[in-house]
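Data block below; observations after.
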Amino acid sequence: MPMPKWSGAGVLALLALVFLLAVPGEARVQAAKGGTLTTASAPSKALGENIAYNVYLPYGYDTSTDRHPVLYLLHGRGDTMQAWTRVKDVLDQMIRTRRIPPVIAVMPDAPWSERGSWYVDSRYTGAELPGRPVETALARDLVGHVDATYRTAPIREARLVGGYSMGGAGALRFALAHQDLFSAAAVLSPAVYTPLPPSDSSVRDYGAFGRSGEKFADDVYRELNYPALLPGLDPDLPLRLFVAVGDDEYAHPAPADARHDLDFESAALYNAARRSPAISAQLRVLDGGHDWTVWAPAFEQAMAELGPALSVTAPAGLSAPLFGTAAPDWAGGVAAHADGSFTTGFAAGGPVDGQPYAGRLDAVLTRTGTRSWTRQLGTEADERLYGVAALPDGGVLAAGYTKGDLDGRHPGNATDDAFVARLDASGAVRWITQFGAPGVADRLYGLGAAPDGGAYVAGYTKGALDGPSSGDKDALVARLTPDGQVSWIRQYGGAGEDKAYGVAADATNVYVTGNTTAVMPGTSALGGFDAWIAGYAPNGTRRWAASAGGSGDDRLNAVAVTTAGLAVATGTSGGDLFAAAYTSTGRKRWQAAVATPAADEGAAVAPLPGGEVEVVGYTKGRVGVMAGGADVLTVRLDGGGKQRAAAQLGTARDDAVDPFAEPNLYAVTTPSGKVAVSGLTYGAPADGDAPGNGDVFLTTVDPATGLPDR
């Protein structure tokens, strides 16, 4: 048969096709960008011998100077360090697609007790399988060796421990018993049994939980098992736990042992762990049994959940000292003065700095800096502060609500009344103005200083302060003169529940923000609870109003006027932080958002030079380095709404939110160009103590980074 004749171009095309079919370009790229696996050993003082291990180094490790988080992966009973090498391709792919940061993975061999050590320090001294200090060797000697040998970060936020079966039990043990070392654990089909393992379990056979000549001792097992560890965990060292198990795990034939099936035990572990204030837990049940059909996908899911939060940088904390008492306290605002001092407002559940305590919650104002003083205002009922503003003479305005007779002119009052107070630079009370509809609730949630030294306030009323009520609650806007007289009050609302949360003013405009359960007059319904912003004249005439957000639930919590004359408002839209800028005529100039898979919300806006702003709120996700549950979130936006920087900071517990997951946070620009942030925290600063039950922090952040200004 004659051969076909090919042109030169045809030959080249054929060769190119053969080459592509043989080695696809994508495959070549993937192979080139894969990590490396090597075998090494670590000396162990505890064991008196070396620990063999495989180590995965991510692509580019040899040519960079970066530090990396470390995964410690523990194999199951009877297996070797080779078992975990099968996840190399998963790590390569997840790093390449940036689902996780480049990580080092250390896979130690555990040959002791015939590969049945359960990763604990055994007390068994029998001749057949003498126990070894395996937990100490791996958790201390191996970790120390890895930090000394590779470019790691010797902090808990950079370490995750994982394992399957016996290794899952070991990973759980290491994470709970060594909170100082590990911040996360991937626990796959963990061979953990409570209160004791079944009679036929191999946990009893190898001396791991033995003592002297006894291979298994009930009390030793109970002492080392997770129920004994959970109560002693430190909530200031938070642990993220991912538990996974197959739905076809071994089923014990004896009915009495059914609760020891690993799917049952894993669910019991998850439900116990999720009740610990130190643990954030996840549970997955996958299709498959006690093998890699479950562990391979479970490992990938675990890394997708836990990996992004691994960090070689420790979280940015809050400044000490905190304000507050041993009782519950709430943040109430912050003002920055020209002399560099600050006035922090809060509601306190007890006496502060020797001030008289009236009862329940009192309103407290504390000046720190060149002039220091504390003033506590209260009645036998509750007082809450929701705003503090600096005045040119060094004094302050404060606003909130009282359930009592705070100004001495409302005897017998037992419902919420709005109040505004003015204090001079030395802390002396110049005046207190209390107002509201008799017998119903009136609250203030926003305060803005007027150019003449008076105040604009915003909140809601359930009564009729400016004509009849339109619905369940109406938004409230009011103007007070410099001497404390109510100049005017405006109600604004529709048929639903309407509240105003933020207010700000310049010489010719007043801006108010809030949300509604229905629709506000002059706006269009978007769906769900709508956010809104309205513009007023200084005489109280409403000029325009607009809805903001999307089809879900939205709210605008705060507003500020930028140096370029725009009104920038922030809040939440559909669970994400939302910000938008408006002109004085109500035209929306831009909008921006910060979104994580978790809840994010803006709470305050601090104007910066050049029309930029620092939006301050909270996140329960990851924007920078995660610190705890809810963290303070700082976002710098330029004059066009483009994000320039974002960061998060906080303690190991919730910051910036109250127990109802609503923001309790304030921010103001300082004369030096920094941003002062004050809010509620349930944690403790890194360099100080917390009175407890919710306290108030004050810190300053650098707008260039969004991180604390140390």
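We name chains A, B, ... following the order of the structure tokens; residues begin at 1 in each chain, and ligands are numbered from 1 as shown.
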Can you pull out the residues contacting Thr366 (chain A)? Cut-off 6 Å, using only C-alpha atoms, and skip same-chain residues under 3 positions away; I want them as an MDAnalysis selection string. chainID A and resid 343:344 373:374
Next, dump the selected residues to file, keeping only N, CA and C atoms, as a short mmCIF file (atom, residue, chain, number, x, y, z; two decimals), in the first residue's frame.
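Heads up, here's the output in result15.cif:
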data_model
loop_
_atom_site.label_atom_id
_atom_site.label_comp_id
_atom_site.auth_asym_id
_atom_site.auth_seq_id
_atom_site.Cartn_x
_atom_site.Cartn_y
_atom_site.Cartn_z
N THR A 343 -12.80 59.92 74.38
CA THR A 343 -13.90 59.66 75.30
C THR A 343 -14.61 58.42 74.81
N THR A 344 -14.65 57.40 75.65
CA THR A 344 -15.30 56.14 75.32
C THR A 344 -16.60 56.04 76.09
N TRP A 373 -11.02 61.41 83.19
CA TRP A 373 -12.16 61.46 84.10
C TRP A 373 -13.16 60.40 83.70
N THR A 374 -14.07 60.07 84.61
CA THR A 374 -15.16 59.13 84.35
C THR A 374 -16.44 59.71 84.92
#
Neighbours of Pro482 (chain A) within 6 Å (only C-alpha atoms; same-chain residues fewer than 2 positions away dropped), as a ChimeraX atom specification? /A:453-454,484
Pull the helix (DSSP H, G or I) assignments for region 255-324 of chain A out of DSSP run on the backbone, and list those residues as an MDAnalysis selection string. chainID A and resid 255:260 262:273 292:309
Include N, CA, C and O atoms and write out the residues we just selected as a short mmCIF file (atom, residue, chain, number, x, y, z; two decimals), in the first residue's frame.
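Output below, filename part_12.cif:
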data_model
loop_
_atom_site.label_atom_id
_atom_site.label_comp_id
_atom_site.auth_asym_id
_atom_site.auth_seq_id
_atom_site.Cartn_x
_atom_site.Cartn_y
_atom_site.Cartn_z
N PRO A 255 -25.90 -6.12 69.87
CA PRO A 255 -26.73 -4.92 70.04
C PRO A 255 -26.20 -3.98 71.12
O PRO A 255 -26.32 -2.76 70.99
N ALA A 256 -25.63 -4.55 72.16
CA ALA A 256 -25.12 -3.71 73.24
C ALA A 256 -23.96 -2.83 72.80
O ALA A 256 -23.67 -1.81 73.42
N ASP A 257 -23.28 -3.24 71.71
CA ASP A 257 -22.13 -2.47 71.22
C ASP A 257 -22.49 -1.57 70.04
O ASP A 257 -21.60 -0.97 69.43
N ALA A 258 -23.75 -1.45 69.69
CA ALA A 258 -24.15 -0.66 68.52
C ALA A 258 -23.71 0.80 68.65
O ALA A 258 -23.35 1.43 67.66
N ARG A 259 -23.73 1.35 69.87
CA ARG A 259 -23.34 2.75 70.02
C ARG A 259 -21.85 2.95 69.78
O ARG A 259 -21.37 4.08 69.71
N HIS A 260 -21.08 1.85 69.66
CA HIS A 260 -19.66 1.97 69.36
C HIS A 260 -19.36 1.91 67.87
O HIS A 260 -18.19 1.97 67.48
N LEU A 262 -18.61 3.45 64.46
CA LEU A 262 -17.89 4.72 64.36
C LEU A 262 -18.75 5.87 63.85
O LEU A 262 -18.45 7.04 64.14
N ASP A 263 -19.81 5.56 63.10
CA ASP A 263 -20.69 6.67 62.71
C ASP A 263 -21.40 7.23 63.94
O ASP A 263 -21.57 8.45 64.07
N PHE A 264 -21.80 6.35 64.83
CA PHE A 264 -22.43 6.78 66.08
C PHE A 264 -21.44 7.53 66.96
O PHE A 264 -21.73 8.61 67.49
N GLU A 265 -20.24 6.97 67.11
CA GLU A 265 -19.22 7.60 67.96
C GLU A 265 -18.80 8.96 67.40
O GLU A 265 -18.55 9.90 68.15
N SER A 266 -18.71 9.07 66.08
CA SER A 266 -18.32 10.35 65.47
C SER A 266 -19.38 11.41 65.71
O SER A 266 -19.05 12.58 65.98
N ALA A 267 -20.64 11.02 65.61
CA ALA A 267 -21.72 11.97 65.89
C ALA A 267 -21.70 12.39 67.36
O ALA A 267 -21.94 13.56 67.69
N ALA A 268 -21.42 11.43 68.26
CA ALA A 268 -21.33 11.75 69.68
C ALA A 268 -20.18 12.71 69.95
O ALA A 268 -20.30 13.66 70.74
N LEU A 269 -19.04 12.47 69.29
CA LEU A 269 -17.90 13.37 69.43
C LEU A 269 -18.26 14.77 68.95
O LEU A 269 -18.00 15.77 69.64
N TYR A 270 -18.86 14.86 67.78
CA TYR A 270 -19.23 16.17 67.23
C TYR A 270 -20.17 16.91 68.16
O TYR A 270 -19.99 18.11 68.44
N ASN A 271 -21.16 16.22 68.67
CA ASN A 271 -22.15 16.89 69.52
C ASN A 271 -21.57 17.30 70.87
O ASN A 271 -22.03 18.27 71.47
N ALA A 272 -20.59 16.57 71.34
CA ALA A 272 -19.91 16.99 72.57
C ALA A 272 -18.98 18.17 72.29
O ALA A 272 -18.93 19.13 73.07
N ALA A 273 -18.24 18.09 71.18
CA ALA A 273 -17.26 19.14 70.88
C ALA A 273 -17.92 20.47 70.56
O ALA A 273 -17.43 21.53 70.97
N TRP A 292 -10.09 4.34 52.24
CA TRP A 292 -9.77 5.59 51.55
C TRP A 292 -10.87 6.08 50.62
O TRP A 292 -10.79 7.20 50.12
N THR A 293 -11.90 5.28 50.38
CA THR A 293 -13.04 5.81 49.64
C THR A 293 -13.72 6.92 50.44
O THR A 293 -14.39 7.78 49.87
N VAL A 294 -13.57 6.89 51.75
CA VAL A 294 -14.06 7.95 52.62
C VAL A 294 -12.94 8.94 52.94
O VAL A 294 -13.12 10.16 52.87
N TRP A 295 -11.77 8.45 53.32
CA TRP A 295 -10.73 9.32 53.83
C TRP A 295 -10.16 10.27 52.78
O TRP A 295 -9.80 11.41 53.12
N ALA A 296 -10.07 9.84 51.54
CA ALA A 296 -9.54 10.72 50.50
C ALA A 296 -10.45 11.94 50.27
O ALA A 296 -9.99 13.09 50.35
N PRO A 297 -11.75 11.73 49.99
CA PRO A 297 -12.60 12.92 49.84
C PRO A 297 -12.78 13.69 51.14
O PRO A 297 -12.93 14.91 51.12
N ALA A 298 -12.77 12.99 52.27
CA ALA A 298 -12.91 13.68 53.55
C ALA A 298 -11.72 14.58 53.82
O ALA A 298 -11.88 15.70 54.35
N PHE A 299 -10.52 14.12 53.45
CA PHE A 299 -9.34 14.96 53.62
C PHE A 299 -9.45 16.22 52.78
O PHE A 299 -9.15 17.33 53.26
N GLU A 300 -9.89 16.08 51.55
CA GLU A 300 -10.03 17.26 50.70
C GLU A 300 -11.07 18.23 51.27
O GLU A 300 -10.86 19.44 51.29
N GLN A 301 -12.17 17.69 51.76
CA GLN A 301 -13.18 18.56 52.35
C GLN A 301 -12.67 19.23 53.62
O GLN A 301 -12.94 20.41 53.88
N ALA A 302 -11.92 18.47 54.40
CA ALA A 302 -11.35 19.04 55.62
C ALA A 302 -10.40 20.18 55.30
O ALA A 302 -10.41 21.24 55.95
N MET A 303 -9.56 19.98 54.30
CA MET A 303 -8.62 21.02 53.93
C MET A 303 -9.33 22.23 53.36
O MET A 303 -8.90 23.38 53.58
N ALA A 304 -10.41 22.01 52.63
CA ALA A 304 -11.17 23.15 52.10
C ALA A 304 -11.77 23.97 53.24
O ALA A 304 -11.88 25.20 53.14
N GLU A 305 -12.17 23.31 54.33
CA GLU A 305 -12.74 24.01 55.47
C GLU A 305 -11.68 24.64 56.36
O GLU A 305 -11.81 25.78 56.81
N LEU A 306 -10.62 23.89 56.64
CA LEU A 306 -9.65 24.31 57.64
C LEU A 306 -8.44 25.01 57.05
O LEU A 306 -7.82 25.86 57.69
N GLY A 307 -8.07 24.62 55.83
CA GLY A 307 -6.83 25.10 55.24
C GLY A 307 -6.74 26.60 55.06
O GLY A 307 -5.70 27.21 55.36
N PRO A 308 -7.80 27.26 54.55
CA PRO A 308 -7.68 28.70 54.30
C PRO A 308 -7.38 29.53 55.55
O PRO A 308 -6.85 30.63 55.44
N ALA A 309 -7.73 29.04 56.72
CA ALA A 309 -7.50 29.80 57.95
C ALA A 309 -6.10 29.58 58.52
O ALA A 309 -5.72 30.28 59.47
#
So which residues of region 432-603 of chain A fall under strand (DSSP E) by DSSP, listed as a ChimeraX atom specification? /A:432-435,442-449,455-461,474-480,486-492,498-505,510-516,530-536,542-548,554-561,567-573,576-582,588-594,600-603
Find the spatial neighbours of Pro607 (chain A), counting only C-alpha atoms, within a cut-off of 12 Å - ignore same-chain residues fewer than 6 positions away - and output them as number ranges by chain. A: 504, 559-569, 613-616, 635-639, 667-671, 673-676, 703
Resulting file, chosen residues, N, CA, C and O atoms, as a compact mmCIF listing (two decimals), in the first residue's frame:
# COMPACT_ATOMS: atom_id res chain seq x y z
N ALA A 504 -25.61 61.65 60.14
CA ALA A 504 -24.42 62.48 59.98
C ALA A 504 -24.84 63.76 59.27
O ALA A 504 -25.83 63.78 58.53
N VAL A 559 -23.60 56.17 58.80
CA VAL A 559 -23.32 57.05 57.67
C VAL A 559 -22.35 58.12 58.13
O VAL A 559 -22.34 58.52 59.31
N ALA A 560 -21.50 58.59 57.21
CA ALA A 560 -20.58 59.68 57.49
C ALA A 560 -20.41 60.49 56.22
O ALA A 560 -20.59 59.98 55.11
N VAL A 561 -20.06 61.77 56.37
CA VAL A 561 -19.82 62.66 55.24
C VAL A 561 -18.32 62.70 54.99
O VAL A 561 -17.53 62.99 55.89
N THR A 562 -17.91 62.41 53.75
CA THR A 562 -16.49 62.36 53.41
C THR A 562 -15.95 63.77 53.18
O THR A 562 -16.70 64.74 53.06
N THR A 563 -14.64 63.87 53.07
CA THR A 563 -14.01 65.15 52.78
C THR A 563 -14.35 65.64 51.38
O THR A 563 -14.16 66.81 51.07
N ALA A 564 -14.86 64.75 50.52
CA ALA A 564 -15.30 65.13 49.18
C ALA A 564 -16.78 65.47 49.14
O ALA A 564 -17.33 65.75 48.06
N GLY A 565 -17.46 65.42 50.29
CA GLY A 565 -18.86 65.81 50.36
C GLY A 565 -19.86 64.73 50.07
O GLY A 565 -21.06 65.00 49.97
N LEU A 566 -19.42 63.47 49.93
CA LEU A 566 -20.35 62.37 49.72
C LEU A 566 -20.80 61.81 51.06
O LEU A 566 -20.05 61.84 52.05
N ALA A 567 -22.01 61.27 51.07
CA ALA A 567 -22.50 60.54 52.24
C ALA A 567 -22.24 59.06 52.00
O ALA A 567 -22.81 58.48 51.07
N VAL A 568 -21.38 58.46 52.80
CA VAL A 568 -21.07 57.03 52.66
C VAL A 568 -21.74 56.29 53.81
O VAL A 568 -21.50 56.59 54.98
N ALA A 569 -22.58 55.33 53.44
CA ALA A 569 -23.31 54.53 54.42
C ALA A 569 -22.84 53.09 54.36
O ALA A 569 -22.40 52.61 53.30
N VAL A 613 -12.52 56.49 52.85
CA VAL A 613 -13.16 56.15 54.12
C VAL A 613 -12.59 54.85 54.64
O VAL A 613 -12.09 54.02 53.88
N GLU A 614 -12.66 54.70 55.94
CA GLU A 614 -12.40 53.41 56.59
C GLU A 614 -13.75 52.89 57.07
O GLU A 614 -14.40 53.50 57.93
N VAL A 615 -14.19 51.78 56.48
CA VAL A 615 -15.42 51.14 56.90
C VAL A 615 -15.05 50.09 57.94
O VAL A 615 -14.16 49.26 57.71
N VAL A 616 -15.70 50.13 59.08
CA VAL A 616 -15.39 49.21 60.18
C VAL A 616 -16.64 48.39 60.48
O VAL A 616 -17.74 48.93 60.56
N VAL A 635 -11.98 47.99 56.47
CA VAL A 635 -11.90 48.04 55.01
C VAL A 635 -11.67 49.48 54.59
O VAL A 635 -12.49 50.36 54.88
N ARG A 636 -10.58 49.72 53.89
CA ARG A 636 -10.29 51.06 53.37
C ARG A 636 -10.78 51.15 51.94
O ARG A 636 -10.40 50.33 51.09
N LEU A 637 -11.63 52.15 51.65
CA LEU A 637 -12.16 52.38 50.32
C LEU A 637 -11.72 53.76 49.84
O LEU A 637 -11.75 54.73 50.61
N ASP A 638 -11.32 53.85 48.56
CA ASP A 638 -10.92 55.15 48.04
C ASP A 638 -12.16 55.97 47.67
O ASP A 638 -13.30 55.54 47.88
N GLY A 639 -11.95 57.14 47.11
CA GLY A 639 -13.05 58.04 46.82
C GLY A 639 -14.03 57.52 45.80
O GLY A 639 -15.14 58.04 45.67
N ALA A 667 -16.58 53.78 65.33
CA ALA A 667 -15.28 54.20 64.84
C ALA A 667 -15.31 55.69 64.54
O ALA A 667 -16.36 56.25 64.18
N VAL A 668 -14.15 56.34 64.68
CA VAL A 668 -14.04 57.76 64.41
C VAL A 668 -12.62 58.06 63.95
O VAL A 668 -11.66 57.39 64.37
N THR A 669 -12.47 59.04 63.08
CA THR A 669 -11.15 59.47 62.63
C THR A 669 -10.50 60.33 63.70
O THR A 669 -11.14 61.23 64.27
N THR A 670 -9.23 60.09 63.99
CA THR A 670 -8.51 60.87 64.99
C THR A 670 -7.84 62.07 64.32
O THR A 670 -7.62 62.09 63.11
N PRO A 671 -7.48 63.09 65.09
CA PRO A 671 -6.78 64.24 64.50
C PRO A 671 -5.47 63.88 63.82
O PRO A 671 -5.03 64.58 62.90
N GLY A 673 -5.03 61.28 61.96
CA GLY A 673 -5.29 60.54 60.74
C GLY A 673 -5.47 59.05 60.94
O GLY A 673 -5.68 58.31 59.96
N LYS A 674 -5.37 58.57 62.18
CA LYS A 674 -5.66 57.17 62.46
C LYS A 674 -7.18 57.00 62.62
O LYS A 674 -7.95 57.95 62.53
N VAL A 675 -7.60 55.78 62.88
CA VAL A 675 -9.01 55.49 63.11
C VAL A 675 -9.13 54.82 64.47
O VAL A 675 -8.51 53.77 64.70
N ALA A 676 -9.90 55.42 65.35
CA ALA A 676 -10.16 54.83 66.67
C ALA A 676 -11.40 53.96 66.57
O ALA A 676 -12.42 54.37 66.02
N PRO A 703 -4.96 53.29 58.78
CA PRO A 703 -5.77 53.08 57.58
C PRO A 703 -5.01 52.43 56.43
O PRO A 703 -5.63 51.80 55.56
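Between CA of Gly333 (chain A) and CA of Thr516 (chain A) the separation is 23.8 Å.
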Mind giving me the straight-line distance from CA of Leu526 (chain A) to CA of Ser547 (chain A) in Å, one decimal?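 About the pair CA of Leu526 (chain A) and CA of Ser547 (chain A): they are 7.3 Å apart.
The shortest atom-to-atom distance to Ala599 (chain A), with only C-alpha atoms taken into account, belongs to A:Asp576 out of A:Asp141, A:Asp576, A:Asp687, A:Glu612.
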Using only C-alpha atoms for the distances, tell me which of A:Ala185, A:Ala507, A:Ala316, A:Ala418 is nearest to Ser280 (chain A).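 Comparing A:Ala185, A:Ala507, A:Ala316, A:Ala418 against Ser280 (chain A), the winner is A:Ala185.
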May I have the residues within 10 Å of Ala495 (chain A) as a PDB file with N, CA and C atoms, in the first residue's frame, using only C-alpha atoms and disregarding those fewer than 2 positions away in the same chain?
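Result went into part29.pdb, see below:
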ATOM      1  N   SER A 469     -48.539  57.960  64.214  1.00  0.00           N
ATOM      2  CA  SER A 469     -47.617  56.892  63.844  1.00  0.00           C
ATOM      3  C   SER A 469     -48.092  56.211  62.569  1.00  0.00           C
ATOM      4  N   SER A 470     -47.145  55.852  61.710  1.00  0.00           N
ATOM      5  CA  SER A 470     -47.493  55.221  60.434  1.00  0.00           C
ATOM      6  C   SER A 470     -47.590  53.713  60.531  1.00  0.00           C
ATOM      7  N   GLY A 471     -46.972  53.114  61.544  1.00  0.00           N
ATOM      8  CA  GLY A 471     -46.970  51.661  61.644  1.00  0.00           C
ATOM      9  C   GLY A 471     -46.514  51.207  63.011  1.00  0.00           C
ATOM     10  N   ASP A 472     -45.911  50.027  63.064  1.00  0.00           N
ATOM     11  CA  ASP A 472     -45.479  49.461  64.339  1.00  0.00           C
ATOM     12  C   ASP A 472     -44.450  50.351  65.016  1.00  0.00           C
ATOM     13  N   LYS A 473     -43.422  50.732  64.266  1.00  0.00           N
ATOM     14  CA  LYS A 473     -42.418  51.693  64.727  1.00  0.00           C
ATOM     15  C   LYS A 473     -42.121  52.631  63.565  1.00  0.00           C
ATOM     16  N   ASP A 474     -41.859  53.879  63.862  1.00  0.00           N
ATOM     17  CA  ASP A 474     -41.427  54.845  62.861  1.00  0.00           C
ATOM     18  C   ASP A 474     -39.993  55.267  63.153  1.00  0.00           C
ATOM     19  N   GLY A 493     -41.806  56.807  58.266  1.00  0.00           N
ATOM     20  CA  GLY A 493     -42.054  55.374  58.255  1.00  0.00           C
ATOM     21  C   GLY A 493     -43.254  54.998  57.429  1.00  0.00           C
ATOM     22  N   GLU A 497     -42.211  47.935  60.467  1.00  0.00           N
ATOM     23  CA  GLU A 497     -41.332  48.358  61.556  1.00  0.00           C
ATOM     24  C   GLU A 497     -40.150  49.079  60.933  1.00  0.00           C
ATOM     25  N   ASP A 498     -39.997  50.344  61.282  1.00  0.00           N
ATOM     26  CA  ASP A 498     -38.975  51.188  60.667  1.00  0.00           C
ATOM     27  C   ASP A 498     -38.060  51.746  61.752  1.00  0.00           C
ATOM     28  N   THR A 516     -36.234  48.813  57.093  1.00  0.00           N
ATOM     29  CA  THR A 516     -37.677  48.704  57.214  1.00  0.00           C
ATOM     30  C   THR A 516     -38.118  47.291  56.882  1.00  0.00           C
ATOM     31  N   THR A 517     -39.196  46.857  57.526  1.00  0.00           N
ATOM     32  CA  THR A 517     -39.746  45.537  57.209  1.00  0.00           C
ATOM     33  C   THR A 517     -40.738  45.608  56.057  1.00  0.00           C
ATOM     34  N   ALA A 518     -41.111  46.813  55.647  1.00  0.00           N
ATOM     35  CA  ALA A 518     -42.071  46.962  54.545  1.00  0.00           C
ATOM     36  C   ALA A 518     -41.454  47.858  53.479  1.00  0.00           C
ATOM     37  N   VAL A 519     -41.922  49.087  53.358  1.00  0.00           N
ATOM     38  CA  VAL A 519     -41.346  50.027  52.403  1.00  0.00           C
ATOM     39  C   VAL A 519     -41.497  51.428  52.971  1.00  0.00           C
ATOM     40  N   MET A 520     -40.462  52.251  52.805  1.00  0.00           N
ATOM     41  CA  MET A 520     -40.500  53.621  53.305  1.00  0.00           C
ATOM     42  C   MET A 520     -41.111  54.540  52.255  1.00  0.00           C
ATOM     43  N   PRO A 521     -41.848  55.565  52.671  1.00  0.00           N
ATOM     44  CA  PRO A 521     -42.404  56.521  51.710  1.00  0.00           C
ATOM     45  C   PRO A 521     -41.313  57.110  50.818  1.00  0.00           C
TER      46      PRO A 521
END
Compile the contact shell of Gly586 (chain A) as a list of chain:residue names: residues with an atom at most 12 Å away, counting only C-alpha atoms, same-chain residues fewer than 3 positions apart removed. A:Asn509, A:Val510, A:Tyr511, A:Val512, A:Gly522, A:Thr523, A:Trp532, A:Ile533, A:Ala534, A:Gly535, A:Tyr536, A:Arg542, A:Arg543, A:Trp544, A:Ala545, A:Ala546, A:Ser547, A:Ala548, A:Leu566, A:Ala567, A:Val568, A:Ala580, A:Ala581, A:Tyr582, A:Thr583, A:Arg589, A:Trp590
Give me the residues within 7 Å of Asp407 (chain A) as an mmCIF file with N, CA and C atoms, in the first residue's frame, counting only C-alpha atoms and dropping any in the same chain fewer than 5 places off.
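Saved as out-v5.cif:
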data_model
loop_
_atom_site.group_PDB
_atom_site.id
_atom_site.type_symbol
_atom_site.label_atom_id
_atom_site.label_comp_id
_atom_site.auth_asym_id
_atom_site.auth_seq_id
_atom_site.Cartn_x
_atom_site.Cartn_y
_atom_site.Cartn_z
ATOM 1 N N ILE A 432 -28.854 67.448 80.288
ATOM 2 C CA ILE A 432 -29.405 66.182 79.819
ATOM 3 C C ILE A 432 -30.820 66.468 79.333
ATOM 4 N N THR A 433 -31.130 66.066 78.142
ATOM 5 C CA THR A 433 -32.464 66.233 77.582
ATOM 6 C C THR A 433 -33.071 64.859 77.330
ATOM 7 N N GLN A 434 -34.200 64.613 77.953
ATOM 8 C CA GLN A 434 -34.913 63.342 77.812
ATOM 9 C C GLN A 434 -36.251 63.625 77.137
#
May I ask which of the residues A:Gly317, A:Pro468, A:Gly400, A:Pro538 is the closest one to Asp506 (chain A), counting only C-alpha atoms?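 Using only C-alpha atoms, Asp506 (chain A) sits closest to A:Pro538.
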Name all residues at most 8 Å from Leu47 (chain A) (count only C-alpha atoms; drop same-chain ones fewer than 6 positions away) and give them as a PyMOL selection string. chain A and resi 132-134+137
Export of the given selection (N, CA, C and O atoms) as a PDB file, in the first residue's frame:
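So the final result, stored in again09.pdb, reads:
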ATOM      1  N   ARG A 132       5.642   3.108  75.019  1.00  0.00           N
ATOM      2  CA  ARG A 132       6.591   4.174  74.691  1.00  0.00           C
ATOM      3  C   ARG A 132       5.888   5.532  74.806  1.00  0.00           C
ATOM      4  O   ARG A 132       4.675   5.638  74.605  1.00  0.00           O
ATOM      5  N   PRO A 133       6.645   6.605  75.044  1.00  0.00           N
ATOM      6  CA  PRO A 133       6.062   7.958  75.130  1.00  0.00           C
ATOM      7  C   PRO A 133       5.829   8.545  73.733  1.00  0.00           C
ATOM      8  O   PRO A 133       6.466   9.526  73.337  1.00  0.00           O
ATOM      9  N   VAL A 134       4.902   7.963  73.001  1.00  0.00           N
ATOM     10  CA  VAL A 134       4.696   8.349  71.606  1.00  0.00           C
ATOM     11  C   VAL A 134       4.123   9.763  71.489  1.00  0.00           C
ATOM     12  O   VAL A 134       4.528  10.541  70.617  1.00  0.00           O
ATOM     13  N   ALA A 137       6.857  12.252  72.055  1.00  0.00           N
ATOM     14  CA  ALA A 137       7.823  12.205  70.964  1.00  0.00           C
ATOM     15  C   ALA A 137       7.329  12.957  69.734  1.00  0.00           C
ATOM     16  O   ALA A 137       8.081  13.715  69.108  1.00  0.00           O
TER      17      ALA A 137
END
Which one of A:Pro708, A:Pro597, A:Gly552, A:Gly694 sits closest to Asp329 (chain A) if you count only C-alpha atoms?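 Looking only at the distances to Asp329 (chain A), the closest residue turns out to be A:Gly694.
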Between A:Gly289, A:Pro108, A:Gly210, A:Pro609, which is the closest to Asp248 (chain A) once you count only C-alpha atoms?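 Using only C-alpha atoms, the shortest distance to Asp248 (chain A) belongs to A:Gly289.
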Using only C-alpha atoms: which of A:Ala139, A:Ala335, A:Leu406, A:Leu224 has the shortest distance to Gly448 (chain A): A:Ala335
Students should find that CA of Leu365 (chain A) and CA of Gly387 (chain A) are spaced 10.7 Å
